[in-house]
Structures are given as structure tokens and as C-alpha cells.
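Next comes start-v7.txt, a file with compact mmCIF, C-alpha atoms and all ligand atoms.
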```
# COMPACT_ATOMS: atom_id res chain seq x y z
CA MET A 1 129.06 120.78 105.09
CA ASN A 2 128.58 117.24 106.39
CA ILE A 3 125.62 115.24 105.16
CA VAL A 4 124.29 111.86 106.27
CA VAL A 5 122.27 109.91 103.71
CA CYS A 6 120.14 107.04 105.03
CA VAL A 7 120.37 104.25 102.50
CA LYS A 8 118.71 100.87 102.50
CA GLN A 9 120.14 97.72 100.97
CA ILE A 10 117.31 95.70 99.46
CA PRO A 11 117.06 92.26 97.83
CA ASP A 12 117.55 92.60 94.08
CA PRO A 13 114.00 93.32 92.78
CA ALA A 14 114.87 91.34 89.62
CA ALA A 15 115.39 88.14 91.66
CA PRO A 16 112.50 86.00 92.97
CA GLN A 17 111.47 87.15 96.46
CA SER A 18 110.47 84.99 99.40
CA PHE A 19 109.23 85.53 102.94
CA ASP A 20 110.01 83.74 106.19
CA ALA A 21 107.43 82.34 108.60
CA SER A 22 106.97 85.81 110.18
CA ASN A 23 106.25 87.33 106.74
CA ASN A 24 109.59 89.15 106.69
CA LEU A 25 111.40 89.48 103.36
CA ASP A 26 114.28 87.01 102.99
CA ARG A 27 117.39 89.21 102.87
CA SER A 28 119.97 86.43 102.97
CA GLY A 29 120.85 86.68 99.26
CA LYS A 30 122.23 89.41 97.02
CA LEU A 31 121.54 92.93 98.29
CA ILE A 32 121.70 96.11 96.24
CA LEU A 33 121.50 99.82 97.00
CA ASP A 34 117.83 100.81 96.78
CA GLU A 35 117.56 102.87 93.59
CA ALA A 36 115.40 105.37 95.52
CA ASP A 37 118.42 106.13 97.72
CA THR A 38 120.79 106.85 94.82
CA TYR A 39 118.98 110.21 94.46
CA GLY A 40 119.80 111.16 98.07
CA VAL A 41 123.45 110.15 97.62
CA GLU A 42 123.75 112.20 94.42
CA MET A 43 121.99 115.22 95.98
CA ALA A 44 124.33 115.07 98.99
CA LEU A 45 127.45 114.84 96.80
CA GLN A 46 126.32 117.88 94.78
CA LEU A 47 125.54 119.93 97.94
CA VAL A 48 128.94 119.12 99.49
CA ASP A 49 130.63 120.02 96.20
CA LYS A 50 128.78 123.34 96.11
CA ALA A 51 129.66 124.07 99.74
CA GLY A 52 133.34 123.56 98.86
CA GLY A 53 134.05 121.20 101.76
CA GLY A 54 132.72 118.48 104.01
CA GLU A 55 131.76 114.89 103.36
CA VAL A 56 128.92 112.48 102.77
CA THR A 57 128.35 109.54 105.13
CA VAL A 58 125.89 106.78 104.30
CA VAL A 59 124.10 105.10 107.19
CA SER A 60 122.15 101.86 106.98
CA MET A 61 120.45 99.22 109.07
CA GLY A 62 120.05 95.67 107.84
CA ALA A 63 121.82 92.49 106.92
CA ALA A 64 125.54 92.94 106.25
CA ASN A 65 126.08 89.59 104.51
CA ASP A 66 126.39 91.62 101.30
CA VAL A 67 127.57 95.25 101.41
CA ALA A 68 127.71 95.80 97.63
CA GLY A 69 124.99 98.46 97.95
CA LEU A 70 127.03 100.47 100.43
CA ARG A 71 130.19 100.04 98.33
CA ASN A 72 128.16 101.40 95.40
CA ALA A 73 127.36 104.58 97.41
CA LEU A 74 131.06 104.86 98.32
CA ALA A 75 131.99 104.38 94.66
CA MET A 76 129.64 107.24 93.74
CA GLY A 77 131.67 109.47 96.09
CA ALA A 78 130.47 109.08 99.70
CA ALA A 79 133.40 109.23 102.13
CA LYS A 80 132.36 106.51 104.56
CA ALA A 81 129.59 104.07 105.45
CA VAL A 82 128.13 102.80 108.70
CA ILE A 83 125.86 99.75 108.89
CA VAL A 84 124.06 98.49 111.96
CA SER A 85 123.65 94.76 111.65
CA ASP A 86 122.72 92.39 114.42
CA GLU A 87 120.71 89.19 114.81
CA SER A 88 118.69 90.94 117.56
CA LEU A 89 117.39 93.47 114.99
CA ARG A 90 115.23 90.78 113.35
CA GLY A 91 111.63 92.01 113.39
CA THR A 92 112.55 95.65 114.14
CA ASP A 93 109.74 97.83 112.78
CA ALA A 94 109.95 101.25 111.12
CA LEU A 95 110.09 103.19 114.42
CA GLY A 96 112.77 100.82 115.75
CA THR A 97 114.73 101.33 112.52
CA ALA A 98 114.45 105.11 113.00
CA LYS A 99 115.74 104.72 116.59
CA VAL A 100 118.75 102.75 115.36
CA LEU A 101 119.58 105.25 112.59
CA ALA A 102 119.07 108.21 114.97
CA SER A 103 121.55 106.68 117.44
CA VAL A 104 124.19 106.42 114.72
CA ILE A 105 123.54 109.97 113.48
CA ARG A 106 123.73 111.41 117.02
CA ARG A 107 127.31 110.14 117.41
CA ASP A 108 128.53 112.76 114.92
CA PRO A 109 125.71 115.22 114.17
CA PRO A 110 125.69 116.36 110.52
CA ASP A 111 124.39 119.60 108.98
CA LEU A 112 121.78 117.77 106.93
CA VAL A 113 120.17 114.30 106.81
CA LEU A 114 118.74 113.04 103.52
CA CYS A 115 116.42 110.07 102.96
CA ALA A 116 114.35 108.91 100.02
CA THR A 117 110.61 109.52 100.20
CA GLU A 118 109.90 105.78 100.45
CA SER A 119 111.93 102.60 100.12
CA SER A 120 111.32 100.25 97.18
CA ASP A 121 110.67 97.18 99.34
CA GLY A 122 108.85 98.53 102.42
CA TYR A 123 107.11 101.60 100.99
CA THR A 124 105.80 102.88 104.33
CA GLY A 125 107.27 106.36 103.78
CA THR A 126 107.26 106.84 107.55
CA LEU A 127 110.92 106.60 108.46
CA PRO A 128 112.15 110.12 107.51
CA VAL A 129 109.62 111.91 109.74
CA GLN A 130 110.18 109.48 112.62
CA LEU A 131 113.90 110.13 112.32
CA ALA A 132 113.41 113.91 112.36
CA GLU A 133 111.26 113.65 115.49
CA LEU A 134 113.83 111.49 117.30
CA LEU A 135 116.68 113.83 116.30
CA ALA A 136 114.57 116.89 117.25
CA MET A 137 115.21 118.33 113.79
CA PRO A 138 112.74 119.99 111.40
CA SER A 139 111.58 117.76 108.57
CA ILE A 140 110.75 118.57 104.96
CA THR A 141 109.32 115.81 102.80
CA PHE A 142 108.89 115.28 99.03
CA ALA A 143 111.80 117.52 97.99
CA LYS A 144 112.15 117.91 94.23
CA ALA A 145 114.94 120.51 94.58
CA VAL A 146 117.25 121.26 97.52
CA THR A 147 119.56 124.24 98.04
CA VAL A 148 121.54 125.22 101.09
CA GLU A 149 121.76 128.94 101.76
CA GLY A 150 123.88 129.87 104.78
CA SER A 151 122.44 128.12 107.79
CA SER A 152 119.16 127.12 106.20
CA VAL A 153 117.91 124.72 103.58
CA LYS A 154 115.46 125.71 100.84
CA VAL A 155 113.32 123.00 99.33
CA ASP A 156 110.87 122.91 96.44
CA ARG A 157 108.32 120.53 97.95
CA GLN A 158 106.31 118.55 95.42
CA THR A 159 102.53 118.90 95.78
CA GLU A 160 99.65 117.57 93.69
CA SER A 161 99.28 120.86 91.85
CA GLY A 162 102.89 122.08 91.66
CA TYR A 163 105.34 122.79 94.45
CA ASP A 164 105.72 124.81 97.65
CA GLU A 165 108.91 126.67 98.52
CA VAL A 166 109.80 125.67 102.08
CA THR A 167 112.79 126.72 104.19
CA ALA A 168 114.05 125.32 107.46
CA PRO A 169 117.07 125.96 109.64
CA LEU A 170 119.89 123.43 109.55
CA PRO A 171 120.30 120.75 110.80
CA CYS A 172 117.23 119.29 109.12
CA VAL A 173 115.92 115.99 107.72
CA VAL A 174 114.85 116.16 104.07
CA SER A 175 113.28 113.32 102.07
CA VAL A 176 113.89 113.58 98.34
CA THR A 177 111.80 112.31 95.44
CA ALA A 178 113.14 110.33 92.49
CA GLY A 179 114.12 112.88 89.90
CA VAL A 180 115.55 115.45 92.34
CA VAL A 181 118.85 114.94 90.48
CA GLU A 182 120.25 112.41 88.00
CA PRO A 183 122.34 109.88 89.97
CA ARG A 184 125.83 109.45 88.55
CA TYR A 185 127.27 106.09 87.55
CA ALA A 186 130.28 105.09 89.62
CA SER A 187 133.48 105.49 87.61
CA PHE A 188 136.15 102.76 87.52
CA LYS A 189 138.34 105.04 89.68
CA GLY A 190 135.42 105.44 92.12
CA ILE A 191 134.86 101.68 92.30
CA MET A 192 138.55 101.07 93.06
CA ALA A 193 138.64 103.89 95.66
CA ALA A 194 135.50 102.51 97.37
CA LYS A 195 137.32 99.28 98.26
CA SER A 196 139.52 101.13 100.77
CA LYS A 197 136.97 103.61 102.15
CA PRO A 198 135.87 103.07 105.79
CA LEU A 199 132.83 100.81 106.26
CA GLU A 200 131.98 100.44 109.94
CA THR A 201 129.69 97.66 111.20
CA LEU A 202 127.96 98.32 114.52
CA SER A 203 125.91 96.10 116.80
CA VAL A 204 122.87 97.01 118.88
CA ALA A 205 125.05 96.86 122.03
CA ASP A 206 127.50 99.38 120.48
CA LEU A 207 124.57 101.84 120.33
CA GLY A 208 123.25 101.02 123.81
CA LEU A 209 119.89 99.99 122.36
CA ALA A 210 119.73 96.40 123.60
CA GLY A 211 116.13 95.51 124.50
CA GLU A 212 114.68 98.64 122.83
CA VAL A 213 114.68 97.39 119.25
CA GLY A 214 114.03 94.03 117.61
CA ALA A 215 110.79 92.08 117.45
CA GLY A 216 110.19 92.60 121.20
CA GLY A 217 110.06 96.38 120.91
CA ALA A 218 108.12 96.42 117.61
CA ARG A 219 104.62 97.87 117.41
CA GLN A 220 104.11 96.71 113.82
CA THR A 221 103.69 93.11 112.70
CA ILE A 222 103.10 91.84 109.20
CA VAL A 223 100.00 89.68 109.50
CA ASP A 224 99.88 88.51 105.88
CA VAL A 225 101.54 88.99 102.52
CA VAL A 226 99.33 88.56 99.45
CA ALA A 227 100.09 88.93 95.77
CA ALA A 228 98.68 92.10 94.21
CA GLU A 229 95.51 91.38 92.27
CA SER A 230 96.16 91.18 88.55
CA ARG A 231 94.19 93.72 86.51
CA GLN A 232 90.91 92.43 85.14
CA ALA A 233 90.20 92.87 81.44
CA GLY A 234 88.11 96.04 80.89
CA GLU A 235 84.53 96.05 79.63
CA LYS A 236 84.18 96.97 75.96
CA TYR A 237 81.30 99.13 74.72
CA VAL A 238 80.53 99.03 71.03
CA ASP A 239 79.21 102.39 69.86
CA GLU A 240 75.92 101.84 68.11
CA GLY A 241 74.93 105.49 68.31
CA ASP A 242 74.48 105.28 72.08
CA GLY A 243 78.20 105.29 73.07
CA ALA A 244 78.01 108.57 74.99
CA GLN A 245 74.99 107.40 77.05
CA LYS A 246 76.75 104.12 77.85
CA ILE A 247 79.84 105.98 79.09
CA VAL A 248 77.74 108.38 81.19
CA ALA A 249 75.81 105.44 82.67
CA PHE A 250 79.08 103.69 83.53
CA LEU A 251 80.57 106.82 85.14
CA GLU A 252 77.35 107.24 87.17
CA SER A 253 77.54 103.58 88.28
CA ILE A 254 81.02 104.12 89.75
CA LYS A 255 79.85 107.47 91.22
CA VAL A 256 82.31 109.59 89.24
CA LEU A 257 79.37 111.67 88.00
C1 LIG B 1 107.26 93.99 110.94
C2 LIG B 1 108.62 94.48 110.46
C3 LIG B 1 109.69 93.62 110.57
C4 LIG B 1 110.97 94.06 110.16
N1 LIG B 1 112.03 93.22 110.27
C5 LIG B 1 113.28 93.63 109.93
C6 LIG B 1 114.39 92.78 110.03
O1 LIG B 1 114.25 91.62 110.43
N2 LIG B 1 115.62 93.26 109.70
C7 LIG B 1 115.79 94.55 109.25
O2 LIG B 1 116.91 94.97 108.96
N3 LIG B 1 114.74 95.38 109.12
C8 LIG B 1 113.51 94.95 109.46
N4 LIG B 1 112.45 95.78 109.32
C9 LIG B 1 112.73 97.17 108.94
C10 LIG B 1 112.39 97.45 107.51
O3 LIG B 1 113.19 96.71 106.62
C11 LIG B 1 112.53 98.95 107.19
O4 LIG B 1 113.87 99.38 107.19
C12 LIG B 1 111.77 99.86 108.13
O5 LIG B 1 110.56 99.30 108.54
C13 LIG B 1 111.50 101.18 107.40
O6 LIG B 1 110.38 100.99 106.57
P1 LIG B 1 110.38 101.31 105.02
O7 LIG B 1 111.39 100.51 104.30
O8 LIG B 1 108.96 101.18 104.60
O9 LIG B 1 110.87 102.82 105.05
P2 LIG B 1 110.39 104.11 104.28
O10 LIG B 1 109.86 105.08 105.27
O11 LIG B 1 109.54 103.77 103.09
O12 LIG B 1 111.84 104.58 103.78
C14 LIG B 1 112.12 105.93 103.44
C15 LIG B 1 113.60 106.10 103.47
O13 LIG B 1 114.10 105.91 104.79
C16 LIG B 1 115.41 105.34 104.73
N5 LIG B 1 115.40 103.97 105.28
C17 LIG B 1 114.36 103.12 105.46
N6 LIG B 1 114.79 101.96 106.01
C18 LIG B 1 116.13 102.09 106.16
C19 LIG B 1 117.16 101.23 106.64
N7 LIG B 1 116.89 100.00 107.09
N8 LIG B 1 118.44 101.70 106.64
C20 LIG B 1 118.73 102.94 106.20
N9 LIG B 1 117.81 103.79 105.72
C21 LIG B 1 116.52 103.37 105.71
C22 LIG B 1 115.79 105.30 103.25
O14 LIG B 1 116.33 106.55 102.88
C23 LIG B 1 114.41 105.11 102.63
O15 LIG B 1 114.41 105.41 101.27
C24 LIG B 1 111.15 95.37 109.65
C25 LIG B 1 110.03 96.21 109.53
C26 LIG B 1 108.78 95.77 109.91
C27 LIG B 1 107.60 96.69 109.74
```
Using C-alpha cells, write down the structure that the file contains.
Ligand SMILES: Cc1cc2nc3c(=O)[nH]c(=O)nc-3n(C[C@H](O)[C@H](O)[C@H](O)COP(=O)(O)OP(=O)(O)OC[C@H]3O[C@@H](n4cnc5c(N)ncnc54)[C@H](O)[C@@H]3O)c2cc1C
Amino acid sequence: MNIVVCVKQIPDPAAPQSFDASNNLDRSGKLILDEADTYGVEMALQLVDKAGGGEVTVVSMGAANDVAGLRNALAMGAAKAVIVSDESLRGTDALGTAKVLASVIRRDPPDLVLCATESSDGYTGTLPVQLAELLAMPSITFAKAVTVEGSSVKVDRQTESGYDEVTAPLPCVVSVTAGVVEPRYASFKGIMAAKSKPLETLSVADLGLAGEVGAGGARQTIVDVVAAESRQAGEKYVDEGDGAQKIVAFLESIKVL
């Protein structure tokens, strides 16, 4: 069973973040494996283990000035990594990113593609379904449990009130939620082994996508980036025998009642 996990390297959320003139996140510094993607890597490793054969490949698009995040996935147990990195990718939007990742995945079609539900720096949550569409594969989102049975995948799909049991034929794209499994820590042996595992860097020309991706082909632009509003202090009601009425009046004013 061969599984591709799409993983994103993101600027360390603990470090101060900055944006360039086009409102794109500065990714020139330290990059780490998005924590959201560690769940997909772990899930894939467990599924391959259960299947008794096959391998996990991690695929990424982004700056390759720091590949520590990909080495981390390799140290966890993935067999190889592919990163598409190219100056001409600057300004590529989510659909362009999906096109790039789909081109890599098509070179050696896997049995299953895993993504996280949303990345920790972009949060659009759109890429997994775009990828499925481009690969002409079924897509199941919000997986909180994944099992492979023969030639199909069975997913417990998180809903607001519980979960749905959904099955789809393989190959399929599944996006997993945090908590689907507990990601392992890389062992010292894993970290040493990761240093010699294959990590391929591809350009846009290698994929035959020149002119299709990059700022020119993007349909999304970031018009502004603003700091999230800090929470205002709440209003305090002192109960002088009329506390319940005050609460009801407040709930009516915000149209909850
Ligand atoms: C206006 C704009 C400009 C951009 N400019 C650049 C740029 O200059 N350079 C650049 O590299 N990217 C650029 N991007 C791409 C961006 O960083 C995201 O990768 C892409 O938009 C996907 O959006 P998201 O992170 O919200 O994905 P989501 O849909 O929230 O991600 C869900 C999951 O999809 C997978 N995934 C998402 N992105 C990637 C990725 N890049 N590689 C592998 N797996 C992934 C992961 O599994 C992730 O957890 C740009 C995007 C926009 C909208």
C-alpha cells in the first residue's frame, strides 16, 4: 500500500511573522513541518504497517531553503520526500498549489492521498478537495478515523453532532483532523536514517507547468493583512434581584432569544 501525504513547511509559529509587499508570509527563515500534517504522516505510517507492505511519500510545495520539516517526516518513518520549489511559484494560490501537487502525485499514482483538514498558516481548507478533483479521485474530508479494507477506504467523518461512516473506492484523497492518531516522536535512529533518505527537489519546468502556476495564473490575491481584534472586556451585571431579567434582556438584544 503506497500512500502520499501532502505536507506543508511553515514558518515557526513561535517566531515573529512578517509579510512582504504583496502580503505574502515571509518564508525565508526557519521552516518547520506544520503540526497539522504530522497527523497525516502518522496515519499513513500506521496504514502501511497494517497493510504489511508499501511506503509513505511526503510531497510539498514551497521554499526549500530549509527542509527540516521534510526531514522530520522522514525521521518519523516516511520513505522519501519530494518538494517543488521554484522562484516562479511566488504568488501561486491554493488552486495553483493543488495543480503542482497533483502533477507530482500523477508521476507515481499511490493507493491513497492524505492531507490535513487545514494548514496552520493559510487555513483555507480548500486544497484537499481541489487536489481530489484534479486527480479525478473521490474525496472524504474531516476524517477522525481511517481504515483500509481491501480496495476501499472507510472513514469516520466528523460532523457537528457525531460522525458519519463513509466509504470510497481507492485511490482516494482523505483529509484528516488533528486527533485522528497520536503522532510519534522521531527516534534518534529515525533522525539518523532520515539524513540518507531520498529528498527530491523539482522545478516548475520539471513538471511541465511553466506559465500555469505562479502569480500570473493565480485567481486569489491577498488584499490586506490585519491583526485579529483583541477581545473586549465583557460587561458585568451585578445581581440586585433582577439578574435573570438583565440576562434575558441582553440575550434578546443580541437576538439569541
Ligand atoms: C495569494 C497567495 C499567494 C501565495 N504565494 C505563495 C508563494 O509565494 N509560495 C508558496 O510556496 N506558496 C504560496 N501560496 C500557497 C500557500 O502557501 C498554500 O500552500 C496554498 O494556498 C494552500 O492554502 P492553505 O495553506 O490555506 O491550504 P489548506 O487547504 O488549508 O491546507 C490543507 C492541507 O493541504 C496540504 N497543503 C496545503 N498547502 C500545501 C503545500 N504548499 N504543500 C504541501 N501540502 C500542502 C496540507 O496537507 C494541508 O494541511 C500562496 C497562496 C495564496 C492564496
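In terms of minimum interatomic distance to Asp206 (chain A), A:Val104 ranks closest within A:Met192, A:Leu25, A:Val104, A:Ala79, counting all atoms listed in the file.
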What residues of the protein or nucleic acid chains come within 7 Å of ligand LIG 1 (chain B) when you use only C-alpha atoms and all ligand atoms? Reply as a PDB file with C-alpha atoms, keeping the file's coordinate frame.
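Result file out.pdb:
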```pdb
ATOM      1  CA  VAL A   5     122.270 109.910 103.710  1.00  0.00           C
ATOM      2  CA  CYS A   6     120.140 107.040 105.030  1.00  0.00           C
ATOM      3  CA  VAL A   7     120.370 104.250 102.500  1.00  0.00           C
ATOM      4  CA  LYS A   8     118.710 100.870 102.500  1.00  0.00           C
ATOM      5  CA  ASN A  24     109.590  89.150 106.690  1.00  0.00           C
ATOM      6  CA  ALA A  36     115.400 105.370  95.520  1.00  0.00           C
ATOM      7  CA  ASP A  37     118.420 106.130  97.720  1.00  0.00           C
ATOM      8  CA  VAL A  59     124.100 105.100 107.190  1.00  0.00           C
ATOM      9  CA  SER A  60     122.150 101.860 106.980  1.00  0.00           C
ATOM     10  CA  MET A  61     120.450  99.220 109.070  1.00  0.00           C
ATOM     11  CA  GLY A  62     120.050  95.670 107.840  1.00  0.00           C
ATOM     12  CA  ALA A  63     121.820  92.490 106.920  1.00  0.00           C
ATOM     13  CA  LEU A  89     117.390  93.470 114.990  1.00  0.00           C
ATOM     14  CA  ARG A  90     115.230  90.780 113.350  1.00  0.00           C
ATOM     15  CA  GLY A  91     111.630  92.010 113.390  1.00  0.00           C
ATOM     16  CA  THR A  92     112.550  95.650 114.140  1.00  0.00           C
ATOM     17  CA  ASP A  93     109.740  97.830 112.780  1.00  0.00           C
ATOM     18  CA  ALA A  94     109.950 101.250 111.120  1.00  0.00           C
ATOM     19  CA  THR A  97     114.730 101.330 112.520  1.00  0.00           C
ATOM     20  CA  LEU A 101     119.580 105.250 112.590  1.00  0.00           C
ATOM     21  CA  LEU A 114     118.740 113.040 103.520  1.00  0.00           C
ATOM     22  CA  CYS A 115     116.420 110.070 102.960  1.00  0.00           C
ATOM     23  CA  ALA A 116     114.350 108.910 100.020  1.00  0.00           C
ATOM     24  CA  THR A 117     110.610 109.520 100.200  1.00  0.00           C
ATOM     25  CA  GLU A 118     109.900 105.780 100.450  1.00  0.00           C
ATOM     26  CA  SER A 119     111.930 102.600 100.120  1.00  0.00           C
ATOM     27  CA  ASP A 121     110.670  97.180  99.340  1.00  0.00           C
ATOM     28  CA  GLY A 122     108.850  98.530 102.420  1.00  0.00           C
ATOM     29  CA  TYR A 123     107.110 101.600 100.990  1.00  0.00           C
ATOM     30  CA  THR A 124     105.800 102.880 104.330  1.00  0.00           C
ATOM     31  CA  GLY A 125     107.270 106.360 103.780  1.00  0.00           C
ATOM     32  CA  THR A 126     107.260 106.840 107.550  1.00  0.00           C
ATOM     33  CA  LEU A 127     110.920 106.600 108.460  1.00  0.00           C
ATOM     34  CA  PRO A 128     112.150 110.120 107.510  1.00  0.00           C
ATOM     35  CA  GLN A 220     104.110  96.710 113.820  1.00  0.00           C
ATOM     36  CA  THR A 221     103.690  93.110 112.700  1.00  0.00           C
ATOM     37  CA  ILE A 222     103.100  91.840 109.200  1.00  0.00           C
TER      38      ILE A 222
END
```
When you look at Val41 (chain A) with a cut-off of 8 Å (counting all atoms listed in the file), what residues show up, excluding the ones that are within fewer than 3 positions of it in the same chain? I need them as a PDB file with C-alpha atoms, in the coordinates of the input.
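Written output follows (selection_10.pdb):
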```
ATOM      1  CA  VAL A   5     122.270 109.910 103.710  1.00  0.00           C
ATOM      2  CA  ASP A  37     118.420 106.130  97.720  1.00  0.00           C
ATOM      3  CA  THR A  38     120.790 106.850  94.820  1.00  0.00           C
ATOM      4  CA  ALA A  44     124.330 115.070  98.990  1.00  0.00           C
ATOM      5  CA  LEU A  45     127.450 114.840  96.800  1.00  0.00           C
ATOM      6  CA  VAL A  56     128.920 112.480 102.770  1.00  0.00           C
ATOM      7  CA  VAL A  58     125.890 106.780 104.300  1.00  0.00           C
ATOM      8  CA  ALA A  73     127.360 104.580  97.410  1.00  0.00           C
ATOM      9  CA  MET A  76     129.640 107.240  93.740  1.00  0.00           C
ATOM     10  CA  ALA A  78     130.470 109.080  99.700  1.00  0.00           C
ATOM     11  CA  PRO A 183     122.340 109.880  89.970  1.00  0.00           C
TER      12      PRO A 183
END
```
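Counting from CA of Val176 (chain A), the distance to CA of Val113 (chain A) is 10.6 Å.
Interatomic distance, CA of Leu134 (chain A) against CA of Cys172 (chain A): 11.8 Å.
Excluding Glu182 (chain A) and any residue on its chain fewer than 2 positions from it, the residues at most 7 Å away by all atoms listed in the file are Tyr39, Gly179 and Arg184 of chain A.
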Write the residues you've just listed into a file as a compact mmCIF listing (two decimals), keeping the file's coordinate frame, and include C-alpha atoms for each of them.
```
# COMPACT_ATOMS: atom_id res chain seq x y z
CA TYR A 39 118.98 110.21 94.46
CA GLY A 179 114.12 112.88 89.90
CA ARG A 184 125.83 109.45 88.55
```
Practice problem: Please write as a ChimeraX atom specification the list of polymer residues whose atoms come within 8 Å of (136.3, 103.8, 105.6), counting all atoms listed in the file and keeping to the coordinates of the file. | Solution: /A:79-81,196-200
Quiz item: CA of Arg106 (chain A) and CA of Val204 (chain A) are how many Å apart?
Solution: 14.5 Å
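Between Asp111 (chain A) and the candidates A:Asp34, A:Ser152, A:Ala15, A:Ala194, the tightest atom-to-atom separation, counting all atoms listed in the file, involves A:Ser152.
Residue nearest Ile3 (chain A) within the list A:Pro171, A:Ala64, A:Val82, A:Glu252: A:Pro171 [criterion: smallest interatomic distance, all atoms listed in the file].
Nearest to Asp49 (chain A) of all the residues A:Ser230, A:Ser175, A:Asn2, A:Thr141 is A:Asn2, based on all atoms listed in the file.
Among A:Tyr237, A:Phe142, A:Phe188, A:Phe19, the residue with the shortest atom-to-atom distance to Val155 (chain A), counting only C-alpha atoms, is A:Phe142.
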Distance query Ala145 (chain A) at most 12 Å, all atoms listed in the file, self and fewer than 4 positions along chain excluded, as a PDB file with C-alpha atoms, in the coordinates of the input:
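What ended up in out.pdb:
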```
ATOM      1  CA  TYR A  39     118.980 110.210  94.460  1.00  0.00           C
ATOM      2  CA  GLY A  40     119.800 111.160  98.070  1.00  0.00           C
ATOM      3  CA  MET A  43     121.990 115.220  95.980  1.00  0.00           C
ATOM      4  CA  ALA A  44     124.330 115.070  98.990  1.00  0.00           C
ATOM      5  CA  GLN A  46     126.320 117.880  94.780  1.00  0.00           C
ATOM      6  CA  LEU A  47     125.540 119.930  97.940  1.00  0.00           C
ATOM      7  CA  ILE A 140     110.750 118.570 104.960  1.00  0.00           C
ATOM      8  CA  THR A 141     109.320 115.810 102.800  1.00  0.00           C
ATOM      9  CA  VAL A 153     117.910 124.720 103.580  1.00  0.00           C
ATOM     10  CA  LYS A 154     115.460 125.710 100.840  1.00  0.00           C
ATOM     11  CA  VAL A 155     113.320 123.000  99.330  1.00  0.00           C
ATOM     12  CA  ASP A 156     110.870 122.910  96.440  1.00  0.00           C
ATOM     13  CA  ARG A 157     108.320 120.530  97.950  1.00  0.00           C
ATOM     14  CA  GLN A 158     106.310 118.550  95.420  1.00  0.00           C
ATOM     15  CA  TYR A 163     105.340 122.790  94.450  1.00  0.00           C
ATOM     16  CA  ASP A 164     105.720 124.810  97.650  1.00  0.00           C
ATOM     17  CA  GLU A 165     108.910 126.670  98.520  1.00  0.00           C
ATOM     18  CA  VAL A 166     109.800 125.670 102.080  1.00  0.00           C
ATOM     19  CA  THR A 167     112.790 126.720 104.190  1.00  0.00           C
ATOM     20  CA  VAL A 174     114.850 116.160 104.070  1.00  0.00           C
ATOM     21  CA  SER A 175     113.280 113.320 102.070  1.00  0.00           C
ATOM     22  CA  VAL A 176     113.890 113.580  98.340  1.00  0.00           C
ATOM     23  CA  THR A 177     111.800 112.310  95.440  1.00  0.00           C
ATOM     24  CA  ALA A 178     113.140 110.330  92.490  1.00  0.00           C
ATOM     25  CA  GLY A 179     114.120 112.880  89.900  1.00  0.00           C
ATOM     26  CA  VAL A 180     115.550 115.450  92.340  1.00  0.00           C
ATOM     27  CA  VAL A 181     118.850 114.940  90.480  1.00  0.00           C
ATOM     28  CA  GLU A 182     120.250 112.410  88.000  1.00  0.00           C
TER      29      GLU A 182
END
```
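Using only C-alpha atoms, the nearest neighbour of Asn65 (chain A) within the list A:Lys195, A:Thr201, A:Ala168, A:Glu42 is A:Thr201.
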